[in-house]
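**Q** Contents are compact mmCIF, N, CA and C atoms; file name coords_35.txt:
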# COMPACT_ATOMS: atom_id res chain seq x y z
N GLU I 11 7.15 -19.51 -3.69
CA GLU I 11 6.20 -18.70 -4.44
C GLU I 11 5.93 -17.40 -3.67
N VAL I 12 6.10 -16.30 -4.36
CA VAL I 12 5.83 -15.00 -3.76
C VAL I 12 4.33 -14.80 -3.61
N GLN I 13 3.91 -14.41 -2.41
CA GLN I 13 2.51 -14.11 -2.17
C GLN I 13 2.39 -12.81 -1.38
N LEU I 14 1.44 -12.00 -1.79
CA LEU I 14 1.11 -10.76 -1.09
C LEU I 14 -0.40 -10.77 -0.87
N VAL I 15 -0.82 -10.67 0.38
CA VAL I 15 -2.25 -10.80 0.70
C VAL I 15 -2.69 -9.59 1.52
N GLU I 16 -3.59 -8.81 0.93
CA GLU I 16 -4.10 -7.62 1.60
C GLU I 16 -5.32 -7.94 2.46
N SER I 17 -5.49 -7.16 3.51
CA SER I 17 -6.67 -7.27 4.37
C SER I 17 -6.97 -5.91 4.98
N GLY I 18 -8.17 -5.78 5.54
CA GLY I 18 -8.51 -4.58 6.28
C GLY I 18 -9.39 -3.58 5.55
N GLY I 19 -9.75 -3.87 4.33
CA GLY I 19 -10.61 -2.94 3.60
C GLY I 19 -12.05 -2.98 4.11
N GLY I 20 -12.89 -2.16 3.47
CA GLY I 20 -14.29 -2.15 3.85
C GLY I 20 -14.94 -0.83 3.55
N LEU I 21 -16.11 -0.64 4.15
CA LEU I 21 -16.90 0.57 3.97
C LEU I 21 -16.68 1.51 5.15
N VAL I 22 -16.42 2.77 4.85
CA VAL I 22 -16.20 3.76 5.89
C VAL I 22 -16.82 5.07 5.44
N GLN I 23 -17.27 5.87 6.39
CA GLN I 23 -17.85 7.16 6.06
C GLN I 23 -16.75 8.19 5.78
N PRO I 24 -17.06 9.21 5.02
CA PRO I 24 -16.08 10.29 4.81
C PRO I 24 -15.59 10.84 6.14
N GLY I 25 -14.28 11.06 6.20
CA GLY I 25 -13.65 11.52 7.43
C GLY I 25 -13.18 10.39 8.33
N GLY I 26 -13.55 9.17 8.00
CA GLY I 26 -13.18 8.02 8.81
C GLY I 26 -11.80 7.49 8.51
N SER I 27 -11.50 6.37 9.15
CA SER I 27 -10.16 5.77 9.05
C SER I 27 -10.27 4.27 8.80
N LEU I 28 -9.24 3.74 8.17
CA LEU I 28 -9.06 2.31 8.00
C LEU I 28 -7.58 2.00 8.10
N ARG I 29 -7.28 0.77 8.41
CA ARG I 29 -5.89 0.32 8.36
C ARG I 29 -5.82 -0.92 7.48
N LEU I 30 -5.03 -0.80 6.43
CA LEU I 30 -4.81 -1.93 5.53
C LEU I 30 -3.53 -2.65 5.93
N SER I 31 -3.56 -3.96 5.77
CA SER I 31 -2.39 -4.77 6.07
C SER I 31 -2.08 -5.66 4.88
N CYS I 32 -0.81 -5.92 4.66
CA CYS I 32 -0.37 -6.81 3.59
C CYS I 32 0.62 -7.80 4.18
N GLY I 33 0.27 -9.06 4.13
CA GLY I 33 1.17 -10.10 4.58
C GLY I 33 1.95 -10.67 3.40
N ALA I 34 3.25 -10.77 3.56
CA ALA I 34 4.12 -11.23 2.49
C ALA I 34 4.74 -12.58 2.83
N SER I 35 4.94 -13.40 1.82
CA SER I 35 5.60 -14.68 2.01
C SER I 35 6.28 -15.10 0.71
N GLY I 36 7.21 -16.05 0.85
CA GLY I 36 7.87 -16.60 -0.33
C GLY I 36 9.12 -15.87 -0.76
N PHE I 37 9.54 -14.87 0.00
CA PHE I 37 10.77 -14.14 -0.32
C PHE I 37 11.29 -13.47 0.96
N THR I 38 12.51 -12.97 0.90
CA THR I 38 13.10 -12.28 2.04
C THR I 38 12.56 -10.86 2.08
N PHE I 39 11.55 -10.68 2.89
CA PHE I 39 10.77 -9.43 2.90
C PHE I 39 11.65 -8.20 3.12
N SER I 40 12.59 -8.29 4.01
CA SER I 40 13.40 -7.13 4.38
C SER I 40 14.36 -6.70 3.27
N ASP I 41 14.45 -7.47 2.19
CA ASP I 41 15.33 -7.11 1.08
C ASP I 41 14.67 -6.17 0.08
N TYR I 42 13.38 -5.91 0.24
CA TYR I 42 12.63 -5.20 -0.79
C TYR I 42 11.91 -3.96 -0.26
N TRP I 43 11.94 -2.89 -1.08
CA TRP I 43 11.01 -1.79 -0.88
C TRP I 43 9.61 -2.33 -1.22
N MET I 44 8.60 -1.73 -0.58
CA MET I 44 7.22 -2.18 -0.80
C MET I 44 6.32 -0.98 -1.11
N TYR I 45 5.37 -1.20 -2.03
CA TYR I 45 4.43 -0.18 -2.47
C TYR I 45 3.01 -0.47 -1.97
N TRP I 46 2.23 0.59 -1.89
CA TRP I 46 0.78 0.51 -1.98
C TRP I 46 0.38 1.30 -3.23
N VAL I 47 -0.46 0.67 -4.02
CA VAL I 47 -0.96 1.26 -5.26
C VAL I 47 -2.47 1.10 -5.25
N ARG I 48 -3.20 2.05 -5.82
CA ARG I 48 -4.66 1.92 -5.84
C ARG I 48 -5.21 2.15 -7.25
N GLN I 49 -6.39 1.61 -7.45
CA GLN I 49 -7.12 1.84 -8.69
C GLN I 49 -8.45 2.47 -8.32
N THR I 50 -8.66 3.69 -8.77
CA THR I 50 -9.87 4.42 -8.42
C THR I 50 -10.66 4.74 -9.68
N PRO I 51 -11.97 4.94 -9.53
CA PRO I 51 -12.78 5.28 -10.70
C PRO I 51 -12.35 6.58 -11.35
N GLY I 52 -11.85 7.52 -10.55
CA GLY I 52 -11.53 8.82 -11.10
C GLY I 52 -10.16 8.92 -11.76
N LYS I 53 -9.18 8.25 -11.21
CA LYS I 53 -7.80 8.42 -11.67
C LYS I 53 -7.18 7.15 -12.23
N GLY I 54 -7.90 6.04 -12.20
CA GLY I 54 -7.28 4.82 -12.69
C GLY I 54 -6.24 4.31 -11.72
N LEU I 55 -5.15 3.76 -12.25
CA LEU I 55 -4.10 3.18 -11.41
C LEU I 55 -3.18 4.29 -10.91
N GLU I 56 -3.00 4.36 -9.60
CA GLU I 56 -2.25 5.45 -8.99
C GLU I 56 -1.33 4.92 -7.91
N TRP I 57 -0.07 5.32 -7.98
CA TRP I 57 0.88 5.00 -6.91
C TRP I 57 0.50 5.80 -5.67
N VAL I 58 0.43 5.17 -4.52
CA VAL I 58 0.01 5.81 -3.28
C VAL I 58 1.20 6.09 -2.36
N SER I 59 1.99 5.04 -2.10
CA SER I 59 3.06 5.20 -1.13
C SER I 59 4.08 4.10 -1.30
N ILE I 60 5.30 4.36 -0.82
CA ILE I 60 6.35 3.36 -0.84
C ILE I 60 7.19 3.48 0.42
N VAL I 61 7.70 2.37 0.89
CA VAL I 61 8.55 2.34 2.08
C VAL I 61 9.82 1.57 1.75
N ASN I 62 10.94 2.06 2.30
CA ASN I 62 12.21 1.40 2.00
C ASN I 62 12.37 0.12 2.82
N ARG I 63 13.53 -0.52 2.72
CA ARG I 63 13.70 -1.86 3.28
C ARG I 63 13.56 -1.90 4.80
N ASN I 64 14.07 -0.89 5.48
CA ASN I 64 14.00 -0.96 6.94
C ASN I 64 12.93 -0.05 7.53
N GLY I 65 12.16 0.62 6.67
CA GLY I 65 11.02 1.40 7.13
C GLY I 65 11.31 2.81 7.55
N ASP I 66 12.53 3.29 7.38
CA ASP I 66 12.84 4.64 7.86
C ASP I 66 12.75 5.71 6.77
N SER I 67 12.39 5.28 5.55
CA SER I 67 12.13 6.26 4.49
C SER I 67 10.79 5.92 3.84
N THR I 68 9.95 6.92 3.75
CA THR I 68 8.62 6.72 3.17
C THR I 68 8.30 7.87 2.22
N TYR I 69 7.49 7.57 1.23
CA TYR I 69 7.13 8.56 0.22
C TYR I 69 5.64 8.40 -0.09
N TYR I 70 5.02 9.54 -0.44
CA TYR I 70 3.59 9.53 -0.66
C TYR I 70 3.23 10.36 -1.89
N SER I 71 2.13 9.97 -2.53
CA SER I 71 1.60 10.81 -3.59
C SER I 71 1.01 12.07 -2.96
N ASP I 72 0.93 13.12 -3.73
CA ASP I 72 0.39 14.38 -3.21
C ASP I 72 -1.06 14.21 -2.77
N SER I 73 -1.79 13.32 -3.39
CA SER I 73 -3.21 13.18 -3.07
C SER I 73 -3.46 12.55 -1.71
N VAL I 74 -2.47 11.89 -1.13
CA VAL I 74 -2.67 11.24 0.17
C VAL I 74 -1.72 11.76 1.25
N LYS I 75 -0.78 12.58 0.87
CA LYS I 75 0.23 13.07 1.82
C LYS I 75 -0.46 13.79 2.98
N GLY I 76 -0.05 13.44 4.19
CA GLY I 76 -0.64 14.04 5.38
C GLY I 76 -1.85 13.30 5.90
N ARG I 77 -2.38 12.37 5.10
CA ARG I 77 -3.57 11.62 5.54
C ARG I 77 -3.27 10.13 5.70
N PHE I 78 -2.38 9.60 4.86
CA PHE I 78 -2.04 8.17 4.91
C PHE I 78 -0.64 8.00 5.48
N THR I 79 -0.42 6.87 6.14
CA THR I 79 0.89 6.55 6.69
C THR I 79 1.23 5.10 6.38
N ILE I 80 2.37 4.92 5.74
CA ILE I 80 2.85 3.57 5.45
C ILE I 80 3.88 3.18 6.50
N SER I 81 3.89 1.90 6.84
CA SER I 81 4.89 1.37 7.77
C SER I 81 5.08 -0.10 7.47
N ARG I 82 6.11 -0.67 8.09
CA ARG I 82 6.35 -2.09 7.89
C ARG I 82 6.89 -2.71 9.16
N ASP I 83 6.66 -4.01 9.27
CA ASP I 83 7.19 -4.80 10.38
C ASP I 83 7.92 -5.98 9.74
N ASN I 84 9.23 -5.88 9.67
CA ASN I 84 10.00 -6.94 9.00
C ASN I 84 9.98 -8.25 9.78
N ALA I 85 9.78 -8.17 11.07
CA ALA I 85 9.69 -9.40 11.88
C ALA I 85 8.43 -10.19 11.54
N LYS I 86 7.39 -9.47 11.12
CA LYS I 86 6.12 -10.12 10.79
C LYS I 86 5.86 -10.18 9.29
N ASN I 87 6.83 -9.73 8.49
CA ASN I 87 6.66 -9.72 7.02
C ASN I 87 5.36 -9.02 6.62
N THR I 88 5.17 -7.85 7.17
CA THR I 88 3.92 -7.12 6.96
C THR I 88 4.19 -5.67 6.62
N VAL I 89 3.41 -5.15 5.67
CA VAL I 89 3.43 -3.72 5.38
C VAL I 89 2.01 -3.19 5.61
N LEU I 90 1.93 -2.05 6.26
CA LEU I 90 0.66 -1.46 6.67
C LEU I 90 0.43 -0.14 5.96
N LEU I 91 -0.84 0.21 5.83
CA LEU I 91 -1.20 1.54 5.34
C LEU I 91 -2.34 2.04 6.21
N GLN I 92 -2.07 3.08 6.98
CA GLN I 92 -3.08 3.73 7.80
C GLN I 92 -3.72 4.83 6.96
N LEU I 93 -5.03 4.76 6.80
CA LEU I 93 -5.77 5.72 5.99
C LEU I 93 -6.64 6.56 6.92
N ASN I 94 -6.35 7.84 7.02
CA ASN I 94 -7.12 8.76 7.86
C ASN I 94 -7.77 9.83 6.99
N SER I 95 -8.75 10.48 7.57
CA SER I 95 -9.45 11.58 6.87
C SER I 95 -9.87 11.15 5.47
N LEU I 96 -10.48 10.01 5.40
CA LEU I 96 -10.83 9.44 4.10
C LEU I 96 -11.86 10.28 3.38
N GLN I 97 -11.71 10.35 2.06
CA GLN I 97 -12.59 11.12 1.20
C GLN I 97 -13.22 10.16 0.18
N THR I 98 -14.33 10.59 -0.40
CA THR I 98 -14.99 9.72 -1.38
C THR I 98 -14.05 9.38 -2.55
N GLU I 99 -13.15 10.31 -2.87
CA GLU I 99 -12.21 10.06 -3.97
C GLU I 99 -11.19 8.97 -3.65
N ASP I 100 -11.10 8.57 -2.38
CA ASP I 100 -10.18 7.49 -2.00
C ASP I 100 -10.79 6.11 -2.26
N THR I 101 -12.03 6.07 -2.65
CA THR I 101 -12.67 4.79 -2.96
C THR I 101 -11.94 4.09 -4.09
N GLY I 102 -11.65 2.81 -3.89
CA GLY I 102 -10.97 2.07 -4.93
C GLY I 102 -10.44 0.75 -4.40
N ILE I 103 -9.71 0.08 -5.26
CA ILE I 103 -9.05 -1.16 -4.88
C ILE I 103 -7.60 -0.84 -4.56
N TYR I 104 -7.15 -1.29 -3.41
CA TYR I 104 -5.79 -1.01 -2.93
C TYR I 104 -4.95 -2.27 -3.04
N TYR I 105 -3.81 -2.13 -3.68
CA TYR I 105 -2.91 -3.25 -3.91
C TYR I 105 -1.59 -3.05 -3.16
N CYS I 106 -1.12 -4.11 -2.60
CA CYS I 106 0.23 -4.19 -2.07
C CYS I 106 1.11 -4.73 -3.20
N ALA I 107 2.32 -4.20 -3.33
CA ALA I 107 3.17 -4.62 -4.44
C ALA I 107 4.63 -4.57 -4.03
N ARG I 108 5.41 -5.40 -4.67
CA ARG I 108 6.84 -5.46 -4.38
C ARG I 108 7.64 -4.69 -5.42
N ASP I 109 8.53 -3.86 -4.94
CA ASP I 109 9.40 -3.11 -5.83
C ASP I 109 10.50 -3.98 -6.40
N TYR I 110 10.80 -3.79 -7.66
CA TYR I 110 11.95 -4.43 -8.30
C TYR I 110 12.52 -3.46 -9.31
N ARG I 111 13.71 -2.97 -9.00
CA ARG I 111 14.42 -2.04 -9.90
C ARG I 111 13.51 -0.89 -10.32
N ASN I 112 12.89 -0.26 -9.33
CA ASN I 112 12.03 0.92 -9.52
C ASN I 112 10.78 0.61 -10.32
N GLY I 113 10.47 -0.67 -10.42
CA GLY I 113 9.19 -1.07 -10.98
C GLY I 113 8.51 -2.01 -10.00
N ILE I 114 7.52 -2.75 -10.48
CA ILE I 114 6.80 -3.69 -9.64
C ILE I 114 6.83 -5.05 -10.31
N ASP I 115 7.25 -6.06 -9.52
CA ASP I 115 7.28 -7.39 -10.11
C ASP I 115 6.22 -8.32 -9.55
N TYR I 116 5.69 -8.03 -8.38
CA TYR I 116 4.60 -8.84 -7.83
C TYR I 116 3.54 -7.93 -7.21
N TRP I 117 2.27 -8.35 -7.41
CA TRP I 117 1.13 -7.63 -6.88
C TRP I 117 0.28 -8.57 -6.02
N GLY I 118 -0.35 -8.00 -5.01
CA GLY I 118 -1.40 -8.73 -4.34
C GLY I 118 -2.67 -8.70 -5.17
N LYS I 119 -3.71 -9.35 -4.68
CA LYS I 119 -4.98 -9.39 -5.42
C LYS I 119 -5.82 -8.15 -5.20
N GLY I 120 -5.48 -7.38 -4.18
CA GLY I 120 -6.18 -6.13 -3.94
C GLY I 120 -7.27 -6.26 -2.90
N ILE I 121 -7.61 -5.12 -2.30
CA ILE I 121 -8.66 -5.06 -1.29
C ILE I 121 -9.48 -3.80 -1.55
N LEU I 122 -10.80 -3.93 -1.44
CA LEU I 122 -11.68 -2.82 -1.75
C LEU I 122 -11.87 -1.90 -0.55
N VAL I 123 -11.69 -0.61 -0.81
CA VAL I 123 -12.00 0.44 0.17
C VAL I 123 -13.11 1.30 -0.42
N THR I 124 -14.20 1.43 0.32
CA THR I 124 -15.33 2.23 -0.14
C THR I 124 -15.58 3.33 0.89
N VAL I 125 -15.52 4.57 0.43
CA VAL I 125 -15.78 5.72 1.30
C VAL I 125 -17.10 6.33 0.86
N SER I 126 -18.09 6.20 1.71
CA SER I 126 -19.43 6.66 1.35
C SER I 126 -20.26 6.91 2.60
N SER I 127 -21.15 7.87 2.49
CA SER I 127 -22.07 8.14 3.60
C SER I 127 -23.37 7.36 3.41
Write the structure described by the file as structure tokens, please.

**A**
Amino acid sequence: EVQLVESGGGLVQPGGSLRLSCGASGFTFSDYWMYWVRQTPGKGLEWVSIVNRNGDSTYYSDSVKGRFTISRDNAKNTVLLQLNSLQTEDTGIYYCARDYRNGIDYWGKGILVTVSS
């Protein structure tokens, strides 16, 4: 059974940082590109970032480019998202997801990130 479990969310002040982690199980992790996707009050569901199978290619939405960093550790079946210079507009639920043929076939349950003073 494929499982994706996010952790690391919470409340942070504007300008602060968080690191999200997603633990994967039930499949050969290194065979798949992995996404972070978020749902925010302002924009709804938004693709945030994606990393390729071995972690040497990464892509970001314009809204997070330069502030967020995606990475992965295939030995630990983990994908990370470092969130820096957080803004109130970054508040939302962050999902880890598995890529399948340029779509998504599995989602985690999500983790809440709240940016507020």

**Q** Could you give me, as a PyMOL selection string, the residues within 7 Å of stretch 108-112 of chain I, counting only C-alpha atoms and dropping anything in the same chain fewer than 2 positions from it?

**A** chain I and resi 42-45+114-117

**Q** Write out as a VMD selection string the residues lying within 7 Å of I:Leu21, counting all atoms listed in the file and excluding same-chain residues fewer than 3 positions away.

**A** chain I and resid 122 to 126

**Q** Please list, as a list in words, the residues that have an atom at most 8 Å away from (-4.6, -8.7, 5.9) in the coordinates of this file, counting only C-alpha atoms.

**A**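 Taken together, the residues in range are Val15, Glu16, Ser17, Gly18, Leu30, Ser31, Cys32 and Gly33 of chain I.
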
**Q** With N, CA and C atoms retained, write the just-selected residues as a PDB file, keeping the file's coordinate frame.

**A**
ATOM      1  N   VAL I  15      -0.820 -10.670   0.380  1.00  0.00           N
ATOM      2  CA  VAL I  15      -2.250 -10.800   0.700  1.00  0.00           C
ATOM      3  C   VAL I  15      -2.690  -9.590   1.520  1.00  0.00           C
ATOM      4  N   GLU I  16      -3.590  -8.810   0.930  1.00  0.00           N
ATOM      5  CA  GLU I  16      -4.100  -7.620   1.600  1.00  0.00           C
ATOM      6  C   GLU I  16      -5.320  -7.940   2.460  1.00  0.00           C
ATOM      7  N   SER I  17      -5.490  -7.160   3.510  1.00  0.00           N
ATOM      8  CA  SER I  17      -6.670  -7.270   4.370  1.00  0.00           C
ATOM      9  C   SER I  17      -6.970  -5.910   4.980  1.00  0.00           C
ATOM     10  N   GLY I  18      -8.170  -5.780   5.540  1.00  0.00           N
ATOM     11  CA  GLY I  18      -8.510  -4.580   6.280  1.00  0.00           C
ATOM     12  C   GLY I  18      -9.390  -3.580   5.550  1.00  0.00           C
ATOM     13  N   LEU I  30      -5.030  -0.800   6.430  1.00  0.00           N
ATOM     14  CA  LEU I  30      -4.810  -1.930   5.530  1.00  0.00           C
ATOM     15  C   LEU I  30      -3.530  -2.650   5.930  1.00  0.00           C
ATOM     16  N   SER I  31      -3.560  -3.960   5.770  1.00  0.00           N
ATOM     17  CA  SER I  31      -2.390  -4.770   6.070  1.00  0.00           C
ATOM     18  C   SER I  31      -2.080  -5.660   4.880  1.00  0.00           C
ATOM     19  N   CYS I  32      -0.810  -5.920   4.660  1.00  0.00           N
ATOM     20  CA  CYS I  32      -0.370  -6.810   3.590  1.00  0.00           C
ATOM     21  C   CYS I  32       0.620  -7.800   4.180  1.00  0.00           C
ATOM     22  N   GLY I  33       0.270  -9.060   4.130  1.00  0.00           N
ATOM     23  CA  GLY I  33       1.170 -10.100   4.580  1.00  0.00           C
ATOM     24  C   GLY I  33       1.950 -10.670   3.400  1.00  0.00           C
TER      25      GLY I  33
END

**Q** Determine the nearest neighbour of I:Gly19 from the options I:Trp46, I:Tyr104, I:Arg82, I:Lys119, counting only N, CA and C atoms.

**A**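 Of I:Trp46, I:Tyr104, I:Arg82, I:Lys119, the one nearest I:Gly19 is I:Tyr104, counting only N, CA and C atoms.
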
**Q** From the options I:Thr68, I:Asn87, I:Thr79, I:Ser95, which residue's atoms come nearest to I:Thr38, counting all atoms listed in the file?

**A** I:Asn87

**Q** Tell me, in Å to one decimal, how far atom CA of I:Tyr105 is from atom C of I:Leu28.

**A**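 Interatomic distance here is 13.9 Å.
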
**Q** Can you measure atom C of I:Cys106 to atom CA of I:Gly52 for me? One decimal in Å is fine.

**A**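 Taking atom C of I:Cys106 and atom CA of I:Gly52, their separation equals 20.1 Å.
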
**Q** I'd like the contact shell of I:Ser81 - 6.5 Å cut-off, only N, CA and C atoms, skipping same-chain residues fewer than 2 positions apart - returned as an MDAnalysis selection string.

**A** chainID I and resid 65 79 83 88:92

**Q** Just add N, CA, C and O atoms to stretch 47-64 of chain I and send it as a CSV table (one decimal), in the coordinates of the input.

**A**
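That gives us part-v5.csv:
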chain,number,residue,atom,x,y,z
I,47,VAL,N,-0.5,0.7,-4.0
I,47,VAL,CA,-1.0,1.3,-5.3
I,47,VAL,C,-2.5,1.1,-5.2
I,47,VAL,O,-3.0,0.1,-4.7
I,48,ARG,N,-3.2,2.0,-5.8
I,48,ARG,CA,-4.7,1.9,-5.8
I,48,ARG,C,-5.2,2.2,-7.2
I,48,ARG,O,-4.6,2.8,-8.1
I,49,GLN,N,-6.4,1.6,-7.4
I,49,GLN,CA,-7.1,1.8,-8.7
I,49,GLN,C,-8.4,2.5,-8.3
I,49,GLN,O,-9.3,1.9,-7.6
I,50,THR,N,-8.7,3.7,-8.8
I,50,THR,CA,-9.9,4.4,-8.4
I,50,THR,C,-10.7,4.7,-9.7
I,50,THR,O,-10.1,4.8,-10.8
I,51,PRO,N,-12.0,4.9,-9.5
I,51,PRO,CA,-12.8,5.3,-10.7
I,51,PRO,C,-12.4,6.6,-11.4
I,51,PRO,O,-12.4,6.7,-12.6
I,52,GLY,N,-11.8,7.5,-10.6
I,52,GLY,CA,-11.5,8.8,-11.1
I,52,GLY,C,-10.2,8.9,-11.8
I,52,GLY,O,-10.0,9.6,-12.8
I,53,LYS,N,-9.2,8.2,-11.2
I,53,LYS,CA,-7.8,8.4,-11.7
I,53,LYS,C,-7.2,7.2,-12.2
I,53,LYS,O,-6.0,7.2,-12.7
I,54,GLY,N,-7.9,6.0,-12.2
I,54,GLY,CA,-7.3,4.8,-12.7
I,54,GLY,C,-6.2,4.3,-11.7
I,54,GLY,O,-6.4,4.5,-10.5
I,55,LEU,N,-5.2,3.8,-12.2
I,55,LEU,CA,-4.1,3.2,-11.4
I,55,LEU,C,-3.2,4.3,-10.9
I,55,LEU,O,-2.7,5.1,-11.7
I,56,GLU,N,-3.0,4.4,-9.6
I,56,GLU,CA,-2.2,5.4,-9.0
I,56,GLU,C,-1.3,4.9,-7.9
I,56,GLU,O,-1.8,4.2,-7.0
I,57,TRP,N,-0.1,5.3,-8.0
I,57,TRP,CA,0.9,5.0,-6.9
I,57,TRP,C,0.5,5.8,-5.7
I,57,TRP,O,0.2,7.0,-5.7
I,58,VAL,N,0.4,5.2,-4.5
I,58,VAL,CA,0.0,5.8,-3.3
I,58,VAL,C,1.2,6.1,-2.4
I,58,VAL,O,1.4,7.2,-1.9
I,59,SER,N,2.0,5.0,-2.1
I,59,SER,CA,3.1,5.2,-1.1
I,59,SER,C,4.1,4.1,-1.3
I,59,SER,O,3.8,3.0,-1.9
I,60,ILE,N,5.3,4.4,-0.8
I,60,ILE,CA,6.4,3.4,-0.8
I,60,ILE,C,7.2,3.5,0.4
I,60,ILE,O,7.4,4.6,1.0
I,61,VAL,N,7.7,2.4,0.9
I,61,VAL,CA,8.6,2.3,2.1
I,61,VAL,C,9.8,1.6,1.8
I,61,VAL,O,9.8,0.6,1.0
I,62,ASN,N,10.9,2.1,2.3
I,62,ASN,CA,12.2,1.4,2.0
I,62,ASN,C,12.4,0.1,2.8
I,62,ASN,O,11.5,-0.3,3.6
I,63,ARG,N,13.5,-0.5,2.7
I,63,ARG,CA,13.7,-1.9,3.3
I,63,ARG,C,13.6,-1.9,4.8
I,63,ARG,O,13.0,-2.8,5.3
I,64,ASN,N,14.1,-0.9,5.5
I,64,ASN,CA,14.0,-1.0,6.9
I,64,ASN,C,12.9,0.0,7.5
I,64,ASN,O,12.8,0.0,8.7
